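To start, the structure itself, in structure tokens.
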Amino acid sequence: MNRKIIIDTDPGQDDAVAILLALASPELEVLGLTCVAGNVPLGLTQKNARIVCELAKRPDIKVFSGCEVPLERELVTAEHVHGKTGLDGPDLPDPTMELADGHAVDFLIDTLRSQPSGSVTLCPLGPLTNVATAFTRAPDIVERVQEIVLMGGAYFEVGNITPTAEFNIYVDPEAADIVFKSGVTLTVMPLDVTHKALVTKPRNDAFRALGNAAGIAVAQMTDFFERFDLAKYGSDGAPLHDPCVTAYLIRPDLFTGRFVNVEIETGSELTRGMSVADWWGVTDRTPNATFIGDIDADGFFALLTERLARLP
Ligand code: RIB
Ligand code: CA
């Protein structure tokens with residue numbers, strides 16, 4: 001029985017790998033991709049999402065364009081990490097498939113209302129603007145969501161865009177606050193775990209050795225994408241943030257975490273977007289999220305490589 005998912009995304013090389021993993025996995029039925037401004041502006045994220053679908057030879061996937069600015073803030077992008085196209089690394093052709101008709105937020109609302117309640121999982125991989133807008137416009141859909149599994153936040157790893165905040169949450173902290181307070185069943189993949197999913201050279205070589213278009217493109221993406229983290233953290237490879245979301249849906253046993261309270265800072269400019277996780281239970285705040293802290297990295301890369309091999 002496969003699991004119905006909607007991926008909300010701001011490709012982004014790591015988003016691209018997460019999408020490819022989903023499209024290669026029979027356990028998952030991708031109902032659509034909803035694109036949001038984040039790593040690069042919306043015009044590029046929705047283009048990149050279609051490039052990735054065509055790399056997987058899946059022009060049937062519905063790709064929707066969504067919110068182009070955060071709820072209240074100016075858009076902050078991350079070309080310094082992802083390059084000016086947002087998908088620097090491989091030389092992939094422009095998409096020929098069209099965008100799906102309609103706005104991403106309407107697709108989220110309509111799908112959650114039309115599918116059986118509790119049967120659709122949302123997988124946000126970027127700023128939460130689309131999801132928060134849908135929840136605000138149609139509060140009835142919140143209880144119809146099976147689960148949200150998102151990439152965002154950080155606790156022990158603290159920030160990657162500021163000293164205290166992870167990028168996805170930082171870009172639209174008000175949207176994140178809405179989602180984290182919504183009461184939805186929530187699983188969070190923070191930097192604490194994604195920084196343990198590093199594309200070391202042997203792992204990158206294994207992608208390239210697959211010899212198929214997807215494997216070679218992923219190797220080229222992570223070759224490009226790793227520069228930022230190598231320079232900043234001295235890590236020995238690109239952290240595959242977003243594919244942790246897809247892998248969790250397929251093999252949750254590869255991950256461990258705790259059900260804790262997580263709240264989002266929206267009032268302070270100094271700590272804007274900080275995800276305050278009560279990991280040690282020092283407050284009486286109600287737990288609202290499964291906050292993932294660890295991963296079987298070898299098992300993750302074995303899964304990812306085996307699934308990429310299934311693609312064209
Ligand atoms: O902080 C990492 C996250 O921000 C990833 O989802 C990356 O793609 C960017 O969206
Ligand atoms: Ca992303």
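Chain identifiers are assigned as A, B, and so on, following the order in which chains appear in the structure tokens; residues are numbered from 1 within each chain, and ligands are numbered from 1 in order of appearance.
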
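Near ligand 1, at distances of 8 Å or less and with only C-alpha atoms and all ligand atoms counted, sit the residues Thr9, Asp10, Pro11, Gly12, Gln13, Asp14, Asp15, Gly38, Asn39, Ala78, Leu125, Gly126, Pro127, Met151, Gly152, Gly153, Asn160, Ile161, Glu166, Phe167, Asn168, Leu191, His241 and Asp242 of chain A.
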
Kindly export the residues of the current selection with N, CA, C and O atoms, as a CSV table (one decimal), in the first residue's frame.
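Here's the written file part.csv:
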```
chain,number,residue,atom,x,y,z
A,9,THR,N,8.3,22.4,-2.2
A,9,THR,CA,9.8,22.4,-2.5
A,9,THR,C,10.3,23.7,-3.0
A,9,THR,O,9.6,24.4,-3.7
A,10,ASP,N,11.6,23.9,-2.8
A,10,ASP,CA,12.3,25.1,-3.4
A,10,ASP,C,13.6,24.7,-4.0
A,10,ASP,O,14.7,25.1,-3.6
A,11,PRO,N,13.6,23.8,-5.0
A,11,PRO,CA,14.8,23.2,-5.6
A,11,PRO,C,15.8,24.3,-6.1
A,11,PRO,O,15.4,25.2,-6.8
A,12,GLY,N,17.0,24.1,-5.7
A,12,GLY,CA,17.7,23.4,-4.6
A,12,GLY,C,18.1,22.0,-5.0
A,12,GLY,O,17.3,21.2,-5.3
A,13,GLN,N,19.5,21.8,-5.0
A,13,GLN,CA,20.0,20.5,-5.3
A,13,GLN,C,19.5,19.4,-4.3
A,13,GLN,O,19.2,18.3,-4.8
A,14,ASP,N,19.5,19.7,-3.1
A,14,ASP,CA,19.1,18.7,-2.1
A,14,ASP,C,17.6,18.4,-2.3
A,14,ASP,O,17.2,17.2,-2.1
A,15,ASP,N,16.8,19.4,-2.6
A,15,ASP,CA,15.4,19.1,-2.9
A,15,ASP,C,15.3,18.2,-4.1
A,15,ASP,O,14.5,17.2,-4.1
A,38,GLY,N,12.4,30.2,-2.2
A,38,GLY,CA,13.3,29.9,-1.1
A,38,GLY,C,14.7,30.0,-1.5
A,38,GLY,O,15.3,31.0,-1.6
A,39,ASN,N,15.3,28.8,-1.8
A,39,ASN,CA,16.7,28.8,-2.2
A,39,ASN,C,17.0,29.8,-3.3
A,39,ASN,O,18.0,30.5,-3.4
A,78,ALA,N,19.3,31.9,-1.4
A,78,ALA,CA,20.5,31.2,-1.0
A,78,ALA,C,21.4,30.8,-2.2
A,78,ALA,O,21.9,29.7,-2.4
A,125,LEU,N,9.9,21.0,2.0
A,125,LEU,CA,11.4,20.9,1.9
A,125,LEU,C,12.0,22.4,1.9
A,125,LEU,O,13.2,22.5,1.7
A,126,GLY,N,11.1,23.4,2.0
A,126,GLY,CA,11.6,24.7,1.9
A,126,GLY,C,10.8,25.6,2.9
A,126,GLY,O,10.2,25.0,3.9
A,127,PRO,N,10.8,26.9,2.7
A,127,PRO,CA,10.0,27.8,3.6
A,127,PRO,C,8.6,27.3,3.6
A,127,PRO,O,8.1,26.9,2.6
A,151,MET,N,11.7,19.2,6.4
A,151,MET,CA,13.1,19.6,6.7
A,151,MET,C,13.1,21.0,7.2
A,151,MET,O,12.7,21.9,6.4
A,152,GLY,N,13.7,21.2,8.4
A,152,GLY,CA,13.8,22.6,8.9
A,152,GLY,C,14.2,22.6,10.3
A,152,GLY,O,14.1,21.6,11.0
A,153,GLY,N,14.7,23.7,10.7
A,153,GLY,CA,15.1,23.9,12.1
A,153,GLY,C,16.4,23.3,12.5
A,153,GLY,O,17.1,22.7,11.7
A,160,ASN,N,22.3,27.8,10.2
A,160,ASN,CA,23.2,27.8,9.0
A,160,ASN,C,23.0,29.1,8.1
A,160,ASN,O,23.9,29.3,7.3
A,161,ILE,N,22.0,29.9,8.4
A,161,ILE,CA,21.9,31.1,7.7
A,161,ILE,C,22.1,32.3,8.6
A,161,ILE,O,22.6,33.3,8.2
A,166,GLU,N,18.0,28.0,11.1
A,166,GLU,CA,18.1,27.2,9.8
A,166,GLU,C,17.3,27.9,8.7
A,166,GLU,O,16.3,28.6,9.0
A,167,PHE,N,17.8,27.8,7.5
A,167,PHE,CA,17.3,28.6,6.4
A,167,PHE,C,15.8,28.5,6.2
A,167,PHE,O,15.1,29.6,6.1
A,168,ASN,N,15.2,27.3,6.1
A,168,ASN,CA,13.8,27.2,5.7
A,168,ASN,C,12.9,27.9,6.7
A,168,ASN,O,11.9,28.6,6.4
A,191,LEU,N,18.8,20.4,11.2
A,191,LEU,CA,20.2,20.2,10.8
A,191,LEU,C,20.9,19.2,11.7
A,191,LEU,O,21.9,18.6,11.3
A,241,HIS,N,20.2,17.4,3.2
A,241,HIS,CA,19.1,17.8,4.1
A,241,HIS,C,17.7,17.2,3.6
A,241,HIS,O,17.2,16.4,4.4
A,242,ASP,N,17.3,17.6,2.5
A,242,ASP,CA,15.9,17.2,2.1
A,242,ASP,C,15.6,15.8,1.9
A,242,ASP,O,14.6,15.3,2.2
```

Spatial neighbours of segment 144-150 of chain A, 9 Å, only C-alpha atoms, chain gap at least 2 places, as number ranges by chain:
A: 112-113, 115-126, 140-142, 152, 184-190, 242, 245-246, 248-249

Show me, as a list in words, the residues that have an atom within 9 Å of segment 174-181 of chain A when counting only C-alpha atoms, minus same-chain residues fewer than 3 positions from it.
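Close residues of segment 174-181 of chain A: Pro70, Leu71, Glu72, Arg73, Pro127, Leu128, Thr129, Asn130, Val131, Ala132, Thr133, Phe135, Thr136, Asn168, Ile169, Tyr170, Val184, Leu186, Val262, Glu263, Ile264, Glu265, Thr266, Gly273, Asn288 and Ala289 of chain A.
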
Check the smallest atom-to-atom distance from each of A:Val282, A:Val63, A:Cys244, A:Ile7 to Asn261 of chain A using only C-alpha atoms, then report the winner.
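Counting only C-alpha atoms, the residue closest to Asn261 of chain A is A:Val282.
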
Can you list, as a ChimeraX atom specification, every protein, DNA or RNA residue that comes within 12 Å of Pro93 of chain A when you count only C-alpha atoms, leaving out same-chain residues fewer than 4 positions away?
/A:47-48,50-55,87,97,217

Two-atom distance - atom CA of Thr200 of chain A, atom CA of Leu304 of chain A (Å):
13.7 Å

Can you check which residues of segment 74-308 of chain A DSSP gives as strand (DSSP E) on the backbone and send them as an MDAnalysis selection string?
chainID A and resid 120:124 145:151 186:189 198:199 238:239 255:260 262:264 275:277 289:295

Dump C-alpha atoms for the selected residues as an mmCIF file, in the first residue's frame?
```
data_model
loop_
_atom_site.group_PDB
_atom_site.id
_atom_site.type_symbol
_atom_site.label_atom_id
_atom_site.label_comp_id
_atom_site.auth_asym_id
_atom_site.auth_seq_id
_atom_site.Cartn_x
_atom_site.Cartn_y
_atom_site.Cartn_z
ATOM 1 C CA VAL A 120 -2.094 12.456 2.510
ATOM 2 C CA THR A 121 1.337 13.325 3.960
ATOM 3 C CA LEU A 122 2.816 16.768 3.288
ATOM 4 C CA CYS A 123 6.601 16.932 2.780
ATOM 5 C CA PRO A 124 7.769 20.561 3.015
ATOM 6 C CA VAL A 145 -3.411 15.848 6.979
ATOM 7 C CA GLN A 146 -1.961 12.386 7.742
ATOM 8 C CA GLU A 147 1.374 13.863 8.840
ATOM 9 C CA ILE A 148 3.787 16.632 7.972
ATOM 10 C CA VAL A 149 7.388 15.465 7.598
ATOM 11 C CA LEU A 150 9.505 18.550 6.980
ATOM 12 C CA MET A 151 13.124 19.566 6.680
ATOM 13 C CA LEU A 186 4.579 16.755 12.807
ATOM 14 C CA THR A 187 7.989 15.160 12.241
ATOM 15 C CA VAL A 188 10.973 17.490 11.872
ATOM 16 C CA MET A 189 14.309 16.776 10.142
ATOM 17 C CA LEU A 198 27.176 13.846 4.350
ATOM 18 C CA VAL A 199 28.028 12.967 0.755
ATOM 19 C CA ALA A 238 27.482 17.989 1.185
ATOM 20 C CA PRO A 239 24.728 17.465 3.792
ATOM 21 C CA PHE A 255 16.166 7.612 12.104
ATOM 22 C CA THR A 256 15.813 8.321 15.823
ATOM 23 C CA GLY A 257 14.413 11.322 17.643
ATOM 24 C CA ARG A 258 12.237 12.564 20.494
ATOM 25 C CA PHE A 259 8.672 13.865 20.784
ATOM 26 C CA VAL A 260 9.255 17.322 22.260
ATOM 27 C CA VAL A 262 9.346 23.002 19.431
ATOM 28 C CA GLU A 263 8.480 26.661 19.116
ATOM 29 C CA ILE A 264 9.603 29.237 16.569
ATOM 30 C CA SER A 275 13.566 26.557 16.445
ATOM 31 C CA VAL A 276 13.509 26.307 20.228
ATOM 32 C CA ALA A 277 13.358 22.573 20.901
ATOM 33 C CA ALA A 289 6.819 17.450 17.142
ATOM 34 C CA THR A 290 8.955 14.384 16.679
ATOM 35 C CA PHE A 291 12.367 16.076 16.438
ATOM 36 C CA ILE A 292 14.862 13.782 14.697
ATOM 37 C CA GLY A 293 18.433 13.779 16.015
ATOM 38 C CA ASP A 294 20.214 10.796 14.507
ATOM 39 C CA ILE A 295 20.483 8.711 11.348
#
```

All helix (DSSP H, G or I) residues (DSSP, backbone) inside segment 95-251 of chain A, as JSON, numbers by chain:
{"A": [104, 105, 106, 107, 108, 109, 110, 111, 112, 113, 114, 129, 130, 131, 132, 133, 134, 135, 136, 137, 139, 140, 141, 142, 143, 144, 167, 168, 169, 170, 171, 173, 174, 175, 176, 177, 178, 179, 180, 191, 192, 193, 194, 201, 202, 203, 204, 205, 206, 207, 208, 209, 213, 214, 215, 216, 217, 218, 219, 220, 221, 222, 223, 224, 225, 226, 227, 228, 229, 230, 231, 232, 233, 243, 244, 245, 246, 247, 248, 249, 250]}

Counting only C-alpha atoms and all ligand atoms, figure out which residue out of A:Leu20, A:Ile5, A:Val30, A:Leu240 gets nearest to ligand 2.
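Nearest to ligand 2: A:Leu240.
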
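Distances here use only C-alpha atoms; by that measure, the residue among A:Pro41, A:Gly32, A:Gly86, A:Gly159 closest to Phe224 of chain A is A:Gly86.
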
Could you list, as a VMD selection string, every residue within 7 Å of Gln46 of chain A, counting only C-alpha atoms and ignoring same-chain residues fewer than 3 positions away?
chain A and resid 35 42 to 43 49 to 50 65

So that I have them on file, write out the residues from the current selection with C-alpha atoms, as an mmCIF file, in the first residue's frame.
```cif
data_model
loop_
_atom_site.group_PDB
_atom_site.id
_atom_site.type_symbol
_atom_site.label_atom_id
_atom_site.label_comp_id
_atom_site.auth_asym_id
_atom_site.auth_seq_id
_atom_site.Cartn_x
_atom_site.Cartn_y
_atom_site.Cartn_z
ATOM 1 C CA CYS A 35 6.816 25.056 -5.422
ATOM 2 C CA LEU A 42 9.805 31.134 -7.387
ATOM 3 C CA GLY A 43 10.357 31.495 -11.140
ATOM 4 C CA ALA A 49 11.129 21.187 -10.135
ATOM 5 C CA ARG A 50 10.094 20.481 -13.723
ATOM 6 C CA SER A 65 3.719 27.321 -8.684
#
```

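Nearest residue to ligand 2 among A:Val158, A:Ala22, A:Val36, A:Val69 is A:Val36, counting only C-alpha atoms and all ligand atoms.
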
As a check of understanding: the span from atom CA of Ile6 of chain A to atom CA of Leu33 of chain A is 5.9 Å

Atom CA of Val40 of chain A to atom CA of Asp172 of chain A, distance in Å rounded to a single decimal
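So the two atoms, atom CA of Val40 of chain A and atom CA of Asp172 of chain A, lie 14.0 Å apart.
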